[in-house]
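Enquirer: For reference, the structure I am asking about is given below.
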Amino acid sequence: MRQLTHEERMLVNSEVSRKGKNMLLSYVLLIFLGTLGIHRFYLGKTGSAITQLVLTILGWMTAIFLVGFLLIAVVGIWLLIDLFLVPGMVESSNKELEEQVIASL
């Protein structure tokens with residue numbers, strides 16, 4: 001980034017702010033749709049998002065047998081951990097985008 005001209009840096013910053021991931025939106029998705037893994041889909045973590053979605057669906061489907069509550073509890077603990085992981089995931093995603101924009105210059 002240091003070898004870039006001022007104009008190129010401005011272009012990179014504008015592309016990252018335009019296409020990059022938003023921290024507030026990530027937290028809103030986590031809080032309201034977290035059990036479905038929507039925040040992870042948004043951040044590009046598709047594999048773990050599908051896992052959260054499947055665990056939640058299986059949990060609710062088997063809740064009548066009481067086994068499902070264990071799965072739902074696992075997802076709940078995972079979401080609590082994600083509260084602390086989201087800033088790093090957003091930063092990582094935006095850093096990747098920045099590197100892609102720099103490479104395309």
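Each chain in the structure tokens gets a letter, A, B and so on, in the order shown; residues start at 1 in every chain, and ligands are counted from 1 in the order they appear.
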Which residues are near stretch 16-33 of chain A? Cut-off 10 Å, only C-alpha atoms, ignore same chain within fewer than 6 positions. Put them as a PyMOL selection string.
Expert: chain A and resi 10+39-44+79-80+82-83+86-101
Enquirer: Could you go through chain A and tell me which residues DSSP, when run on the backbone, assigns to helix (DSSP H, G or I), listing them as number ranges by chain?
Expert: A: 6-19, 23-36, 38-42, 46-61, 63-65, 68-104
Enquirer: Using only C-alpha atoms, determine which residues lie at most 12 Å from A:Val74, disregarding the query and same-chain residues fewer than 5 positions distant; provide the list as a PyMOL selection string.
Expert: chain A and resi 35+51-56+58-59+67-69+79-81
Enquirer: May I have the selected residues written with all heavy atoms, as a short mmCIF file (atom, residue, chain, number, x, y, z; two decimals), in the first residue's frame?
Expert:
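Contents of the output file part18.cif:
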```
data_model
loop_
_atom_site.label_atom_id
_atom_site.label_comp_id
_atom_site.auth_asym_id
_atom_site.auth_seq_id
_atom_site.Cartn_x
_atom_site.Cartn_y
_atom_site.Cartn_z
N THR A 35 -28.82 -17.62 14.60
CA THR A 35 -28.98 -19.07 14.67
C THR A 35 -29.07 -19.70 13.29
O THR A 35 -28.80 -20.89 13.14
CB THR A 35 -30.24 -19.44 15.48
OG1 THR A 35 -31.38 -18.86 14.87
CG2 THR A 35 -30.12 -19.01 16.92
N THR A 51 -23.30 -25.08 8.57
CA THR A 51 -23.29 -25.90 9.78
C THR A 51 -24.22 -25.32 10.84
O THR A 51 -25.00 -26.05 11.46
CB THR A 51 -21.86 -26.01 10.34
OG1 THR A 51 -21.00 -26.54 9.32
CG2 THR A 51 -21.82 -26.90 11.56
N GLN A 52 -24.17 -24.01 11.05
CA GLN A 52 -25.06 -23.38 12.02
C GLN A 52 -26.52 -23.56 11.61
O GLN A 52 -27.38 -23.86 12.45
CB GLN A 52 -24.76 -21.89 12.17
CG GLN A 52 -23.58 -21.60 13.04
CD GLN A 52 -23.35 -20.11 13.24
OE1 GLN A 52 -23.79 -19.29 12.44
NE2 GLN A 52 -22.65 -19.77 14.30
N LEU A 53 -26.80 -23.38 10.35
CA LEU A 53 -28.16 -23.53 9.85
C LEU A 53 -28.68 -24.95 10.05
O LEU A 53 -29.78 -25.16 10.56
CB LEU A 53 -28.21 -23.15 8.36
CG LEU A 53 -29.54 -23.26 7.65
CD1 LEU A 53 -30.58 -22.33 8.28
CD2 LEU A 53 -29.37 -22.93 6.17
N VAL A 54 -27.86 -25.94 9.71
CA VAL A 54 -28.26 -27.34 9.85
C VAL A 54 -28.46 -27.70 11.32
O VAL A 54 -29.43 -28.37 11.69
CB VAL A 54 -27.24 -28.27 9.17
CG1 VAL A 54 -27.46 -29.72 9.54
CG2 VAL A 54 -27.28 -28.10 7.66
N LEU A 55 -27.53 -27.27 12.19
CA LEU A 55 -27.67 -27.55 13.62
C LEU A 55 -28.95 -26.96 14.18
O LEU A 55 -29.64 -27.58 14.99
CB LEU A 55 -26.46 -27.03 14.39
CG LEU A 55 -25.17 -27.83 14.27
CD1 LEU A 55 -24.03 -27.12 14.99
CD2 LEU A 55 -25.36 -29.23 14.82
N THR A 56 -29.27 -25.74 13.76
CA THR A 56 -30.50 -25.10 14.24
C THR A 56 -31.74 -25.85 13.76
O THR A 56 -32.65 -26.12 14.55
CB THR A 56 -30.55 -23.63 13.78
OG1 THR A 56 -29.42 -22.94 14.33
CG2 THR A 56 -31.82 -22.95 14.24
N LEU A 58 -31.97 -29.00 12.70
CA LEU A 58 -32.04 -30.31 13.37
C LEU A 58 -32.42 -30.18 14.83
O LEU A 58 -33.15 -31.00 15.38
CB LEU A 58 -30.70 -31.04 13.24
CG LEU A 58 -30.37 -31.65 11.89
CD1 LEU A 58 -28.98 -32.24 11.89
CD2 LEU A 58 -31.40 -32.69 11.50
N GLY A 59 -31.91 -29.14 15.47
CA GLY A 59 -32.24 -28.90 16.87
C GLY A 59 -33.72 -28.70 17.08
O GLY A 59 -34.32 -29.29 17.99
N VAL A 67 -33.36 -34.08 22.61
CA VAL A 67 -32.01 -34.09 22.07
C VAL A 67 -31.72 -32.76 21.37
O VAL A 67 -30.60 -32.26 21.41
CB VAL A 67 -31.83 -35.26 21.07
CG1 VAL A 67 -30.47 -35.23 20.42
CG2 VAL A 67 -32.09 -36.57 21.76
N GLY A 68 -32.73 -32.21 20.74
CA GLY A 68 -32.57 -30.98 19.98
C GLY A 68 -32.12 -29.80 20.81
O GLY A 68 -31.44 -28.91 20.32
N PHE A 69 -32.48 -29.79 22.09
CA PHE A 69 -32.07 -28.68 22.93
C PHE A 69 -30.56 -28.63 23.11
O PHE A 69 -29.99 -27.56 23.28
CB PHE A 69 -32.79 -28.74 24.29
CG PHE A 69 -34.26 -28.46 24.17
CD1 PHE A 69 -35.18 -29.45 24.46
CD2 PHE A 69 -34.71 -27.23 23.73
CE1 PHE A 69 -36.55 -29.20 24.34
CE2 PHE A 69 -36.07 -26.97 23.61
CZ PHE A 69 -36.99 -27.96 23.91
N LEU A 79 -22.82 -18.68 19.00
CA LEU A 79 -23.17 -17.29 18.75
C LEU A 79 -22.52 -16.35 19.76
O LEU A 79 -22.11 -15.24 19.41
CB LEU A 79 -24.69 -17.11 18.74
CG LEU A 79 -25.43 -17.81 17.60
CD1 LEU A 79 -26.93 -17.59 17.74
CD2 LEU A 79 -24.93 -17.32 16.25
N LEU A 80 -22.45 -16.79 21.01
CA LEU A 80 -21.76 -15.97 22.01
C LEU A 80 -20.29 -15.79 21.65
O LEU A 80 -19.73 -14.69 21.78
CB LEU A 80 -21.88 -16.61 23.39
CG LEU A 80 -23.25 -16.51 24.05
CD1 LEU A 80 -23.27 -17.30 25.35
CD2 LEU A 80 -23.61 -15.06 24.32
N ILE A 81 -19.67 -16.84 21.17
CA ILE A 81 -18.28 -16.74 20.73
C ILE A 81 -18.17 -15.84 19.51
O ILE A 81 -17.24 -15.02 19.38
CB ILE A 81 -17.71 -18.14 20.44
CG1 ILE A 81 -17.64 -18.94 21.75
CG2 ILE A 81 -16.35 -18.07 19.77
CD1 ILE A 81 -17.35 -20.42 21.58
#
```
